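Trainee: Pasting protein08.txt below, which is compact mmCIF, C-alpha atoms.
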```
# COMPACT_ATOMS: atom_id res chain seq x y z
CA MET J 1 -5.24 -24.45 -29.55
CA ARG J 2 -8.48 -24.38 -27.55
CA MET J 3 -9.94 -27.72 -26.44
CA GLU J 4 -13.34 -27.86 -24.82
CA GLY J 5 -12.96 -28.05 -21.03
CA ARG J 6 -9.17 -27.93 -21.26
CA LEU J 7 -6.70 -25.15 -20.61
CA ALA J 8 -3.63 -25.41 -22.82
CA THR J 9 -0.35 -24.43 -21.22
CA GLY J 10 1.22 -23.39 -24.50
CA ILE J 11 4.30 -25.48 -23.61
CA ASP J 12 5.53 -27.13 -26.74
CA GLY J 13 5.05 -30.90 -26.38
CA PHE J 14 3.26 -30.88 -23.05
CA ASP J 15 -0.38 -30.36 -24.00
CA VAL J 16 -0.40 -33.37 -26.31
CA LEU J 17 0.50 -35.58 -23.33
CA VAL J 18 -2.64 -34.54 -21.44
CA GLN J 19 -5.39 -34.34 -24.05
CA GLY J 20 -4.87 -30.65 -24.74
CA GLY J 21 -4.22 -29.14 -21.30
CA PHE J 22 -5.33 -29.08 -17.68
CA PRO J 23 -9.01 -29.85 -17.11
CA ALA J 24 -10.93 -26.64 -16.41
CA ARG J 25 -11.58 -25.64 -12.77
CA THR J 26 -9.07 -28.08 -11.31
CA VAL J 27 -6.20 -27.70 -8.88
CA ASN J 28 -2.91 -28.85 -10.36
CA LEU J 29 0.47 -29.36 -8.80
CA VAL J 30 3.79 -28.79 -10.54
CA ALA J 31 6.69 -29.86 -8.34
CA GLY J 32 10.40 -30.28 -8.82
CA PRO J 33 13.79 -29.35 -7.43
CA ALA J 34 15.32 -25.88 -7.73
CA GLY J 35 16.22 -25.08 -11.33
CA SER J 36 13.90 -27.67 -12.88
CA GLY J 37 11.72 -25.03 -14.62
CA LYS J 38 8.66 -24.86 -12.31
CA SER J 39 8.23 -21.10 -12.40
CA LEU J 40 8.76 -21.04 -16.16
CA PHE J 41 6.03 -23.70 -16.45
CA GLY J 42 3.66 -21.46 -14.46
CA LEU J 43 4.57 -18.41 -16.54
CA HIS J 44 3.83 -20.32 -19.76
CA PHE J 45 0.41 -21.29 -18.39
CA CYS J 46 -0.51 -17.69 -17.53
CA TYR J 47 1.07 -16.04 -20.55
CA SER J 48 -0.41 -18.46 -23.06
CA GLY J 49 -3.87 -18.03 -21.55
CA ALA J 50 -3.65 -14.25 -21.52
CA ARG J 51 -1.89 -13.66 -24.83
CA VAL J 52 -3.25 -16.42 -27.06
CA LEU J 53 -6.68 -17.11 -25.60
CA GLY J 54 -7.43 -13.76 -23.93
CA GLU J 55 -8.12 -15.44 -20.57
CA PRO J 56 -7.37 -13.19 -17.59
CA SER J 57 -4.50 -14.79 -15.66
CA MET J 58 -2.96 -14.11 -12.28
CA TYR J 59 0.48 -15.17 -11.09
CA LEU J 60 1.00 -14.87 -7.34
CA VAL J 61 4.61 -14.39 -6.29
CA LEU J 62 5.41 -15.54 -2.78
CA GLU J 63 9.00 -16.63 -2.96
CA GLU J 64 11.06 -15.14 -5.77
CA THR J 65 11.07 -11.47 -6.59
CA LYS J 66 8.64 -10.14 -9.15
CA GLU J 67 11.50 -8.43 -10.99
CA SER J 68 13.33 -11.71 -11.45
CA LEU J 69 10.24 -13.41 -12.91
CA GLN J 70 9.57 -10.47 -15.20
CA ARG J 71 13.14 -10.77 -16.40
CA VAL J 72 12.54 -14.46 -17.14
CA MET J 73 9.50 -13.52 -19.21
CA ARG J 74 11.43 -10.95 -21.23
CA THR J 75 14.23 -13.47 -21.80
CA PHE J 76 11.77 -15.85 -23.47
CA GLY J 77 9.95 -13.19 -25.47
CA MET J 78 6.86 -13.06 -23.26
CA GLY J 79 6.06 -9.35 -23.44
CA PHE J 80 3.58 -8.64 -20.66
CA GLU J 81 3.31 -4.86 -20.24
CA ASP J 82 0.24 -4.44 -22.45
CA LEU J 83 -1.40 -7.48 -20.83
CA GLU J 84 -0.75 -6.03 -17.40
CA ARG J 85 -2.26 -2.68 -18.33
CA SER J 86 -5.40 -4.36 -19.66
CA GLU J 87 -5.54 -6.65 -16.57
CA ARG J 88 -5.33 -9.78 -18.68
CA PHE J 89 -2.14 -10.75 -16.88
CA LEU J 90 -1.45 -9.71 -13.31
CA MET J 91 1.73 -10.67 -11.51
CA ILE J 92 1.01 -9.95 -7.88
CA ASP J 93 3.86 -9.75 -5.40
CA LEU J 94 2.30 -10.90 -2.15
CA GLY J 95 5.57 -10.23 -0.38
CA GLU J 96 4.24 -6.66 -0.15
CA LEU J 97 1.61 -7.91 2.26
CA ARG J 98 4.03 -9.16 4.85
CA ILE J 99 3.50 -7.34 8.11
CA GLY J 100 6.72 -5.83 9.40
CA GLY J 101 8.59 -5.57 6.12
CA ALA J 102 10.55 -8.06 4.07
CA GLU J 103 11.43 -10.18 7.10
CA GLY J 104 7.87 -10.13 8.38
CA SER J 105 5.46 -12.99 8.85
CA ALA J 106 4.89 -15.36 5.92
CA ILE J 107 1.57 -15.48 4.12
CA GLY J 108 -0.66 -18.40 5.10
CA PHE J 109 -3.65 -20.04 3.40
CA ARG J 110 -6.11 -17.85 5.31
CA GLU J 111 -4.50 -14.68 3.94
CA LEU J 112 -4.31 -16.19 0.46
CA GLN J 113 -7.96 -17.13 0.58
CA ASP J 114 -8.99 -13.67 1.73
CA PHE J 115 -7.04 -12.13 -1.13
CA LEU J 116 -8.32 -14.54 -3.76
CA ALA J 117 -11.96 -14.41 -2.69
CA SER J 118 -12.07 -10.77 -3.85
CA SER J 119 -9.34 -10.56 -6.45
CA LEU J 120 -10.39 -13.50 -8.64
CA LYS J 121 -13.79 -11.92 -9.12
CA ALA J 122 -12.51 -8.34 -9.41
CA ALA J 123 -10.09 -9.29 -12.20
CA HIS J 124 -12.28 -12.08 -13.71
CA VAL J 125 -9.35 -14.47 -13.39
CA ARG J 126 -9.57 -17.81 -15.24
CA ARG J 127 -6.00 -19.00 -14.72
CA LEU J 128 -4.14 -18.83 -11.45
CA VAL J 129 -0.59 -19.76 -10.49
CA ILE J 130 0.63 -19.76 -6.89
CA ASP J 131 4.41 -19.73 -6.66
CA SER J 132 4.99 -21.38 -4.32
CA LEU J 133 3.32 -23.67 -1.80
CA SER J 134 6.69 -24.09 -0.11
CA ALA J 135 6.66 -20.41 0.84
CA VAL J 136 3.16 -20.78 2.32
CA GLY J 137 4.39 -23.80 4.26
CA LEU J 138 6.75 -21.55 6.23
CA HIS J 139 3.68 -20.09 7.90
CA TYR J 140 2.89 -23.35 9.72
CA SER J 141 4.81 -24.91 12.55
CA THR J 142 3.76 -28.54 11.98
CA PRO J 143 3.19 -30.65 8.85
CA GLY J 144 -0.23 -31.62 10.23
CA GLU J 145 -1.37 -28.02 10.36
CA PHE J 146 -0.11 -27.43 6.83
CA ARG J 147 -1.98 -30.50 5.54
CA GLU J 148 -5.20 -29.43 7.20
CA ARG J 149 -5.03 -25.88 5.86
CA LEU J 150 -4.01 -27.00 2.38
CA PHE J 151 -7.00 -29.31 2.25
CA GLY J 152 -9.36 -26.46 3.10
CA PHE J 153 -7.62 -24.18 0.63
CA SER J 154 -7.91 -26.66 -2.23
CA ARG J 155 -11.66 -26.96 -1.53
CA PHE J 156 -11.90 -23.18 -1.72
CA LEU J 157 -10.06 -23.15 -5.06
CA ARG J 158 -12.30 -25.81 -6.55
CA ALA J 159 -15.33 -23.72 -5.66
CA GLN J 160 -13.99 -20.85 -7.78
CA ASP J 161 -14.34 -20.51 -11.54
CA VAL J 162 -10.59 -20.79 -12.01
CA THR J 163 -7.97 -23.35 -13.01
CA THR J 164 -5.04 -23.34 -10.65
CA VAL J 165 -1.42 -24.39 -10.87
CA LEU J 166 0.29 -24.75 -7.51
CA ILE J 167 4.06 -24.76 -7.64
CA ALA J 168 5.99 -26.70 -5.02
CA GLU J 169 9.60 -27.48 -4.28
CA SER J 170 10.87 -31.06 -4.18
CA PRO J 171 13.41 -31.01 -1.37
CA ASP J 172 15.56 -33.89 -2.63
CA ALA J 173 15.70 -36.74 -5.12
CA GLN J 174 13.83 -39.12 -2.78
CA SER J 175 10.90 -36.80 -1.96
CA LEU J 176 8.51 -35.63 -4.63
CA THR J 177 7.08 -32.85 -2.45
CA ALA J 178 8.14 -31.15 0.79
CA HIS J 179 5.21 -32.31 2.92
CA GLY J 180 4.37 -35.51 1.08
CA VAL J 181 0.67 -34.67 0.79
CA GLU J 182 0.45 -31.97 -1.86
CA GLN J 183 0.11 -34.49 -4.72
CA PHE J 184 -2.84 -36.24 -3.03
CA ILE J 185 -4.83 -33.07 -2.63
CA ALA J 186 -4.32 -31.87 -6.21
CA ASP J 187 -6.24 -33.12 -9.24
CA SER J 188 -3.05 -33.51 -11.20
CA PHE J 189 0.60 -33.85 -10.46
CA VAL J 190 3.31 -32.94 -12.94
CA HIS J 191 6.80 -33.69 -11.71
CA LEU J 192 9.79 -31.90 -13.16
CA GLY J 193 13.13 -33.61 -12.71
CA LEU J 194 16.71 -32.46 -12.85
CA GLU J 195 19.03 -35.40 -13.22
CA GLU J 196 22.75 -35.61 -13.63
CA VAL J 197 23.71 -37.88 -16.51
CA LYS J 198 27.40 -38.23 -17.37
CA GLY J 199 28.24 -34.96 -15.66
CA GLU J 200 25.44 -33.01 -17.34
CA LEU J 201 22.13 -31.88 -15.90
CA ARG J 202 19.13 -33.14 -17.79
CA ARG J 203 15.58 -31.83 -17.30
CA THR J 204 12.64 -34.21 -17.37
CA LEU J 205 8.86 -34.05 -17.10
CA THR J 206 6.48 -36.76 -15.90
CA VAL J 207 2.70 -36.54 -15.62
CA ARG J 208 2.23 -38.69 -12.54
CA LYS J 209 -1.47 -38.05 -12.14
CA MET J 210 -4.26 -36.18 -13.90
CA ARG J 211 -7.90 -36.73 -13.09
CA PHE J 212 -10.45 -36.78 -15.91
CA THR J 213 -7.62 -37.35 -18.39
CA LYS J 214 -6.08 -40.22 -20.34
CA HIS J 215 -2.54 -39.05 -19.97
CA ASP J 216 0.90 -40.24 -20.87
CA THR J 217 2.87 -41.56 -17.87
CA ALA J 218 6.36 -41.73 -19.31
CA LYS J 219 9.27 -39.58 -18.21
CA HIS J 220 10.11 -37.22 -21.06
CA PRO J 221 13.14 -35.04 -21.68
CA MET J 222 12.41 -31.33 -21.31
CA TYR J 223 14.50 -28.50 -22.71
CA ILE J 224 14.76 -24.79 -22.23
CA THR J 225 14.78 -23.15 -25.67
CA PRO J 226 14.82 -19.46 -26.66
CA LYS J 227 11.01 -19.62 -26.63
CA GLY J 228 10.83 -21.23 -23.17
CA LEU J 229 10.07 -24.80 -22.16
CA ALA J 230 9.76 -27.62 -24.72
CA VAL J 231 8.90 -31.24 -23.89
CA ALA J 232 10.07 -34.00 -26.21
CA ALA J 233 6.71 -35.76 -26.27
CA ASP J 234 7.88 -38.57 -28.52
CA GLU J 235 11.03 -39.32 -26.53
CA LYS J 236 11.28 -41.18 -23.24
CA VAL J 237 13.97 -41.13 -20.59
CA VAL J 238 15.06 -44.63 -19.69
CA MET T 1 -0.25 31.68 20.88
CA ASP T 2 3.25 30.44 20.25
CA GLU T 3 6.23 30.98 22.54
CA LYS T 4 7.59 33.98 20.61
CA SER T 5 4.30 35.89 20.74
CA PHE T 6 3.88 35.00 24.38
CA SER T 7 7.31 36.47 25.25
CA GLU T 8 6.55 39.65 23.33
CA ALA T 9 3.20 40.05 25.10
CA VAL T 10 4.76 39.53 28.53
CA SER T 11 7.46 42.07 27.74
CA LEU T 12 4.95 44.70 26.56
CA LEU T 13 2.53 44.17 29.45
CA SER T 14 5.27 44.41 32.04
CA GLY T 15 5.99 48.01 30.98
CA GLU T 16 5.44 50.82 33.53
CA HIS T 17 2.37 52.32 31.80
CA SER T 18 0.82 49.27 30.19
CA LEU T 19 -2.06 48.79 32.63
CA SER T 20 -2.89 52.50 32.65
CA ILE T 21 -3.07 52.53 28.85
CA LEU T 22 -5.29 49.44 28.75
CA ARG T 23 -7.65 50.92 31.33
CA TYR T 24 -7.80 54.07 29.27
CA LEU T 25 -8.81 52.05 26.22
CA ALA T 26 -11.25 49.81 28.12
CA GLY T 27 -14.24 51.96 27.11
CA GLY T 28 -13.87 50.73 23.56
CA GLU T 29 -13.47 54.05 21.80
CA TRP T 30 -10.98 54.74 19.01
CA ARG T 31 -7.87 56.58 20.29
CA ILE T 32 -4.64 57.80 18.71
CA ALA T 33 -1.26 57.74 20.50
CA SER T 34 -1.35 61.46 21.25
CA ASP T 35 -4.74 61.04 23.03
CA VAL T 36 -3.15 58.45 25.30
CA SER T 37 -0.05 60.55 25.77
CA ARG T 38 -2.01 63.64 26.80
CA SER T 39 -4.42 61.83 29.12
CA LEU T 40 -1.81 59.79 30.97
CA HIS T 41 1.04 62.30 30.79
CA ILE T 42 3.44 59.96 29.12
CA HIS T 43 5.66 60.37 26.09
CA THR T 44 3.89 59.90 22.71
CA THR T 45 6.59 57.46 21.52
CA THR T 46 5.97 55.26 24.59
CA ALA T 47 2.24 55.22 23.88
CA SER T 48 2.77 54.64 20.16
CA LYS T 49 5.14 51.68 20.67
CA PHE T 50 2.78 50.02 23.14
CA LEU T 51 -0.28 50.47 20.93
CA GLY T 52 1.54 49.18 17.82
CA GLY T 53 2.91 46.17 19.69
CA MET T 54 -0.45 45.26 21.20
CA HIS T 55 -2.07 45.53 17.80
CA ALA T 56 0.55 43.21 16.26
CA LEU T 57 -0.28 40.63 18.92
CA GLY T 58 -3.98 40.87 18.13
CA PHE T 59 -5.14 42.62 21.32
CA LEU T 60 -6.05 45.96 19.69
CA ASP T 61 -7.90 46.85 16.51
CA ARG T 62 -6.34 49.53 14.32
CA ARG T 63 -7.47 51.81 11.52
CA LEU T 64 -6.04 54.80 9.69
CA ARG T 65 -7.45 58.21 10.49
CA LYS T 66 -6.89 60.75 7.71
CA SER T 67 -7.16 64.49 8.06
CA HIS T 68 -6.15 67.33 5.70
CA THR T 69 -2.96 67.96 7.69
CA ARG T 70 -1.73 64.47 8.72
CA SER T 71 -2.69 60.82 9.02
CA ALA T 72 -2.42 58.66 12.13
CA TYR T 73 -3.41 55.22 13.35
CA GLU T 74 -6.15 55.03 15.91
CA TYR T 75 -6.70 52.02 18.17
CA ARG T 76 -9.38 50.47 20.25
CA ILE T 77 -9.37 47.44 22.46
CA ALA T 78 -10.54 44.29 20.67
CA ASN T 79 -11.83 42.60 23.81
CA PRO T 80 -11.98 44.08 27.33
CA ARG T 81 -10.80 40.72 28.67
CA ILE T 82 -7.15 40.08 27.83
CA ALA T 83 -5.89 36.49 28.18
CA LEU T 84 -2.53 35.00 27.33
CA ASP T 85 -3.01 31.50 25.98
CA LEU T 86 0.31 29.73 25.59
CA GLU T 87 0.18 26.42 23.68
CA LEU T 88 3.27 24.50 24.64
CA ALA T 89 2.26 21.21 23.07
CA GLU T 90 1.36 22.13 19.54
CA GLY T 91 3.88 24.36 17.94
CA PRO T 92 4.68 24.28 14.25
CA ALA T 93 7.32 21.56 14.72
CA PRO T 94 5.01 18.67 15.78
CA LEU T 95 2.48 19.69 13.16
CA GLN T 96 5.12 19.64 10.47
CA GLU T 97 6.33 16.24 11.71
CA ALA T 98 2.77 14.91 11.73
CA MET T 99 2.40 16.08 8.16
CA ASP T 100 5.69 14.37 7.28
CA PHE T 101 4.40 11.11 8.80
CA TYR T 102 1.15 11.21 6.85
CA LEU T 103 2.87 12.13 3.61
CA ALA T 104 5.35 9.27 4.10
CA TYR T 105 2.39 6.96 4.70
CA VAL T 106 0.62 8.02 1.52
CA SER T 107 3.82 7.72 -0.44
CA ASN T 108 4.35 4.18 0.95
CA VAL T 109 0.80 3.14 0.08
CA LEU T 110 1.27 4.30 -3.52
CA GLU T 111 4.66 2.63 -3.77
CA ARG T 112 3.34 -0.65 -2.33
CA GLY T 113 0.33 -0.45 -4.62
CA ARG T 114 2.65 -0.17 -7.61
CA ARG T 115 5.02 -2.90 -6.40
CA LEU T 116 2.11 -5.23 -5.68
CA GLY T 117 1.55 -5.42 -9.43
CA TRP T 118 -2.05 -4.33 -9.90
CA PRO T 119 -1.85 -1.09 -11.90
CA ALA T 120 -5.58 -0.34 -11.66
CA ILE T 121 -5.41 -0.20 -7.84
CA ALA T 122 -2.40 2.13 -7.89
CA ASP T 123 -4.22 4.37 -10.42
CA LYS T 124 -7.35 4.54 -8.26
CA LEU T 125 -5.32 5.43 -5.16
CA GLU T 126 -3.54 8.20 -7.03
CA ALA T 127 -6.81 9.52 -8.43
CA ARG T 128 -8.19 9.72 -4.89
CA LEU T 129 -5.25 11.86 -3.80
CA ALA T 130 -5.50 14.15 -6.80
CA ARG T 131 -8.89 15.28 -5.49
CA ASP T 132 -7.19 16.81 -2.44
CA ARG T 133 -4.89 19.04 -4.41
CA THR T 134 -7.50 21.72 -4.01
CA GLY T 135 -10.17 22.36 -1.42
CA SER T 136 -9.52 20.84 1.97
CA LYS T 137 -5.78 20.60 1.45
CA GLU T 138 -5.43 24.29 0.61
CA GLU T 139 -7.53 25.19 3.61
CA LEU T 140 -5.33 23.02 5.78
CA PHE T 141 -2.15 24.66 4.52
CA SER T 142 -3.69 28.09 5.14
CA ARG T 143 -4.33 27.12 8.74
CA LEU T 144 -0.77 25.92 9.11
CA LEU T 145 0.55 29.20 7.75
CA ARG T 146 -1.66 31.16 10.12
CA GLY T 147 -0.12 29.17 12.98
CA GLU T 148 -3.38 27.60 14.08
CA GLY T 149 -1.58 24.65 15.64
CA ALA T 150 -4.32 22.81 17.47
CA ARG T 151 -6.90 23.29 14.73
CA GLY T 152 -4.30 22.37 12.13
CA MET T 153 -3.48 19.07 13.86
CA GLU T 154 -7.13 18.20 14.26
CA GLU T 155 -7.83 18.99 10.65
CA LEU T 156 -4.80 17.06 9.50
CA ARG T 157 -6.01 13.93 11.31
CA SER T 158 -9.50 14.39 9.98
CA MET T 159 -8.31 14.84 6.41
CA PHE T 160 -6.19 11.69 6.50
CA GLN T 161 -8.96 9.74 8.17
CA GLY T 162 -11.11 10.50 5.13
CA ILE T 163 -8.33 9.52 2.76
CA GLN T 164 -7.73 6.33 4.73
CA ARG T 165 -11.38 5.28 4.52
CA GLU T 166 -11.29 5.60 0.75
CA PHE T 167 -7.90 3.87 0.46
CA LEU T 168 -9.38 0.96 2.37
CA ALA T 169 -12.51 0.89 0.21
CA ILE T 170 -10.46 0.94 -3.01
CA THR T 171 -8.04 -1.80 -1.97
CA ALA T 172 -10.60 -4.00 -0.20
CA ALA T 173 -12.83 -4.07 -3.28
CA SER T 174 -10.06 -5.75 -5.26
CA MET T 175 -8.19 -7.76 -2.68
CA GLY T 176 -10.42 -8.29 0.38
CA THR T 177 -10.59 -6.42 3.66
CA ASP T 178 -7.92 -8.38 5.52
CA THR T 179 -5.47 -8.10 2.68
CA ALA T 180 -6.18 -4.40 2.29
CA HIS T 181 -5.53 -3.92 6.00
CA ARG T 182 -2.23 -5.76 5.66
CA LEU T 183 -1.14 -3.57 2.77
CA LEU T 184 -2.08 -0.33 4.53
CA SER T 185 -0.71 -1.43 7.91
CA GLY T 186 2.62 -2.27 6.34
CA ALA T 187 2.75 1.20 4.78
CA ALA T 188 1.91 2.83 8.14
CA ASP T 189 4.54 0.79 10.01
CA GLU T 190 7.15 1.91 7.53
CA ALA T 191 6.08 5.57 7.74
CA ARG T 192 6.20 5.50 11.55
CA LYS T 193 9.95 4.92 11.55
CA GLY T 194 11.65 8.15 12.62
CA HIS T 195 8.36 9.74 13.73
CA GLU T 196 7.53 7.42 16.66
CA ASP T 197 7.26 10.16 19.25
CA VAL T 198 4.83 12.43 17.42
CA VAL T 199 2.79 9.47 16.17
CA GLU T 200 2.26 8.15 19.71
CA ARG T 201 1.74 11.55 21.31
CA TYR T 202 -0.96 12.73 18.93
CA GLY T 203 -2.55 9.38 18.09
CA LEU T 204 -1.73 9.79 14.40
CA ARG T 205 -1.72 6.05 13.74
CA LYS T 206 -5.19 5.52 15.23
CA VAL T 207 -6.68 7.49 12.37
CA LEU T 208 -5.15 4.99 9.96
CA GLU T 209 -6.68 2.05 11.83
CA ALA T 210 -10.23 3.33 11.59
```
When written as structure tokens, how does the structure in this file appear?
Mentor:
Amino acid sequence: MRMEGRLATGIDGFDVLVQGGFPARTVNLVAGPAGSGKSLFGLHFCYSGARVLGEPSMYLVLEETKESLQRVMRTFGMGFEDLERSERFLMIDLGELRIGGAEGSAIGFRELQDFLASSLKAAHVRRLVIDSLSAVGLHYSTPGEFRERLFGFSRFLRAQDVTTVLIAESPDAQSLTAHGVEQFIADSFVHLGLEEVKGELRRTLTVRKMRFTKHDTAKHPMYITPKGLAVAADEKVV
Amino acid sequence: MDEKSFSEAVSLLSGEHSLSILRYLAGGEWRIASDVSRSLHIHTTTASKFLGGMHALGFLDRRLRKSHTRSAYEYRIANPRIALDLELAEGPAPLQEAMDFYLAYVSNVLERGRRLGWPAIADKLEARLARDRTGSKEELFSRLLRGEGARGMEELRSMFQGIQREFLAITAASMGTDTAHRLLSGAADEARKGHEDVVERYGLRKVLEA
């Protein structure tokens, strides 16, 4: 479904919580612990845009391997080869840009900005996912430096004609994000949870913040189905 | 000239009659072995071996003289100044290794281009290389086969400098200059492994930084 000024993620049950999708040309943060479904969320956003709406999408891989993410896509029936050939979906492995091989220096915001300044225009990208901010954070020695650079980077992103999803790791149950500032810089903050209830892991999704949007604030159960992520929009976790 | 040719030339020129024969030919006229033999009072086989050897090394011109009774080669001196120019630095081995380095580099660039995940960039890089399957590349290989070491090395560097400029233009247009440099530098670092000596000695990497 296409809503004016909104970019639907295609995630069953999510878009109805946020008036149809992320507001266009915003910077959005999706954070959660390992295994909570962050990358799958980002893949849905890109794939849905490229396949259903024909919007050129770019997924930047900084942490996982590209092969592993492509495998995830195949698992959930997201065929991408034709989209890749037509440049409607590009999964770029920025690990190839490390100087000195796989163990070389991490990519920082300056390098990301240099890459995006040309590539977004060259590929006419409308949807962008950066997976993940945590990997970029390795480039900086102090949290202060990371904050400063992230602020500048988010200003750069807002100046582009693109809607961005930044993926970030939540280090533990007490901290929502690794540096504690990511959610303040972004226009929206979607938190994915992974909670143990009676010996079983349960996934959750909470829209903690979304500018320009009347959004639901409840914590909802989220499932991984054969078609990917599904949010139970009419259920709440208490 | 390479070491083998140099040794052969030294061996021939150190013969008892070599200087006398060369002086005899210094006028630049065409002579057959029996002319030399008669004039210098030496055996025809001695004269014939010397003339044939000097021709093989490029010091004498040769042509076939035909008559109704028999045919014979006649020789004349190619240049009245004979110099032995031994190139110790640039034999076929460093040139071949330099070629291996550059080919490894190109292969790494293509591989990284494909792994990066932007098929159009990889296609453009490959298309650029396809242009060199004829023309300058064939000329370069001809030089290598002719043993023109120094010229071959120079041409090799020049050819890859041209390729590098276009690689940079192709990648920078899509991903920015800094990013393009990172991609290409990574490929060059990887290619350098195992070829460090020849890369440093002949400045092969500098061409890829231009």
Trainee: Would you list the contacts of region 179-183 of chain J as a VMD selection string, taking every protein, DNA or RNA residue within 8 Å and counting all atoms listed in the file, but skipping same-chain residues closer than 4 positions in sequence?
Mentor: chain J and resid 29 143 147 150 175 187 to 189
Trainee: Atoms to include: C-alpha atoms. Write the selected residues as a compact mmCIF listing (two decimals), in the coordinates of the input.
Mentor:
```txt
# COMPACT_ATOMS: atom_id res chain seq x y z
CA LEU J 29 0.47 -29.36 -8.80
CA PRO J 143 3.19 -30.65 8.85
CA ARG J 147 -1.98 -30.50 5.54
CA LEU J 150 -4.01 -27.00 2.38
CA SER J 175 10.90 -36.80 -1.96
CA ASP J 187 -6.24 -33.12 -9.24
CA SER J 188 -3.05 -33.51 -11.20
CA PHE J 189 0.60 -33.85 -10.46
```
Trainee: Which is closest to Glu190 (chain T) among J:Asp161, J:Glu200, J:Glu96, J:Glu63, if we use all atoms listed in the file?
Mentor: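 Between J:Asp161, J:Glu200, J:Glu96, J:Glu63, the residue approaching Glu190 (chain T) most closely is J:Glu96.
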Trainee: Using only C-alpha atoms, tabulate the residues of chain J lying at most 8 Å from any atom of chain T, each with its closest atom pair and that distance in Å to one decimal, by chain and increasing residue number, as a Markdown table.
Mentor:
```
| residue | atom | partner | partner_atom | distance |
| --- | --- | --- | --- | --- |
| J:Glu84 | CA | T:Pro119 | CA | 7.5 |
| J:Arg85 | CA | T:Pro119 | CA | 6.6 |
| J:Glu87 | CA | T:Trp118 | CA | 7.9 |
| J:Leu90 | CA | T:Trp118 | CA | 6.4 |
| J:Met91 | CA | T:Gly117 | CA | 5.6 |
| J:Ile92 | CA | T:Gly117 | CA | 4.8 |
| J:Asp93 | CA | T:Leu116 | CA | 4.9 |
| J:Leu94 | CA | T:Leu116 | CA | 6.7 |
| J:Glu96 | CA | T:Leu116 | CA | 6.1 |
| J:Leu97 | CA | T:Leu183 | CA | 5.2 |
| J:Arg98 | CA | T:Arg182 | CA | 7.2 |
| J:Ile99 | CA | T:Gly186 | CA | 5.4 |
| J:Gly100 | CA | T:Gly186 | CA | 6.2 |
| J:Gly101 | CA | T:Gly186 | CA | 6.8 |
| J:Glu111 | CA | T:Thr179 | CA | 6.8 |
| J:Asp114 | CA | T:Gly176 | CA | 5.7 |
| J:Phe115 | CA | T:Met175 | CA | 4.8 |
| J:Leu116 | CA | T:Met175 | CA | 6.9 |
| J:Ala117 | CA | T:Gly176 | CA | 7.0 |
| J:Ser118 | CA | T:Met175 | CA | 5.0 |
| J:Ser119 | CA | T:Met175 | CA | 4.8 |
| J:Ala122 | CA | T:Ser174 | CA | 5.5 |
| J:Ala123 | CA | T:Ser174 | CA | 7.8 |
```
Trainee: To one decimal place in Å, what is the distance between CA of Val52 (chain J) and CA of Pro33 (chain J)?
Mentor: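 Separation between CA of Val52 (chain J) and CA of Pro33 (chain J): 29.0 Å.
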Trainee: May I have the residues within 9 Å of Phe156 (chain J) as a ChimeraX atom specification, using only C-alpha atoms and disregarding those fewer than 4 positions away in the same chain?
Mentor: /J:113,117,151-152,160
Trainee: Atoms to include: C-alpha atoms. Write the selected residues as an mmCIF file, keeping the file's coordinate frame.
Mentor:
```
data_model
loop_
_atom_site.group_PDB
_atom_site.id
_atom_site.type_symbol
_atom_site.label_atom_id
_atom_site.label_comp_id
_atom_site.auth_asym_id
_atom_site.auth_seq_id
_atom_site.Cartn_x
_atom_site.Cartn_y
_atom_site.Cartn_z
ATOM 1 C CA GLN J 113 -7.960 -17.130 0.580
ATOM 2 C CA ALA J 117 -11.960 -14.410 -2.690
ATOM 3 C CA PHE J 151 -7.000 -29.310 2.250
ATOM 4 C CA GLY J 152 -9.360 -26.460 3.100
ATOM 5 C CA GLN J 160 -13.990 -20.850 -7.780
#
```
Trainee: Using all atoms listed in the file, which residues sit within 12 Å of region 37-40 of chain T once same-chain residues fewer than 2 positions away are excluded, as a short mmCIF file (atom, residue, chain, number, x, y, z; two decimals) with C-alpha atoms, in the frame of the given file?
Mentor:
```
data_model
loop_
_atom_site.label_atom_id
_atom_site.label_comp_id
_atom_site.auth_asym_id
_atom_site.auth_seq_id
_atom_site.Cartn_x
_atom_site.Cartn_y
_atom_site.Cartn_z
CA GLU T 16 5.44 50.82 33.53
CA HIS T 17 2.37 52.32 31.80
CA SER T 18 0.82 49.27 30.19
CA LEU T 19 -2.06 48.79 32.63
CA SER T 20 -2.89 52.50 32.65
CA ILE T 21 -3.07 52.53 28.85
CA LEU T 22 -5.29 49.44 28.75
CA ARG T 23 -7.65 50.92 31.33
CA TYR T 24 -7.80 54.07 29.27
CA LEU T 25 -8.81 52.05 26.22
CA ARG T 31 -7.87 56.58 20.29
CA ILE T 32 -4.64 57.80 18.71
CA ALA T 33 -1.26 57.74 20.50
CA SER T 34 -1.35 61.46 21.25
CA ASP T 35 -4.74 61.04 23.03
CA ILE T 42 3.44 59.96 29.12
CA HIS T 43 5.66 60.37 26.09
CA THR T 44 3.89 59.90 22.71
CA THR T 45 6.59 57.46 21.52
CA THR T 46 5.97 55.26 24.59
CA ALA T 47 2.24 55.22 23.88
CA SER T 48 2.77 54.64 20.16
CA LYS T 49 5.14 51.68 20.67
CA PHE T 50 2.78 50.02 23.14
CA LEU T 51 -0.28 50.47 20.93
#
```
Trainee: For region 197-205 of chain T, please output as a ChimeraX atom specification all residues within 12 Å (counting only C-alpha atoms; exclusion window: fewer than 2 positions along the same chain).
Mentor: /T:89-91,93-103,105,150,153-161,164,184-195,207-210
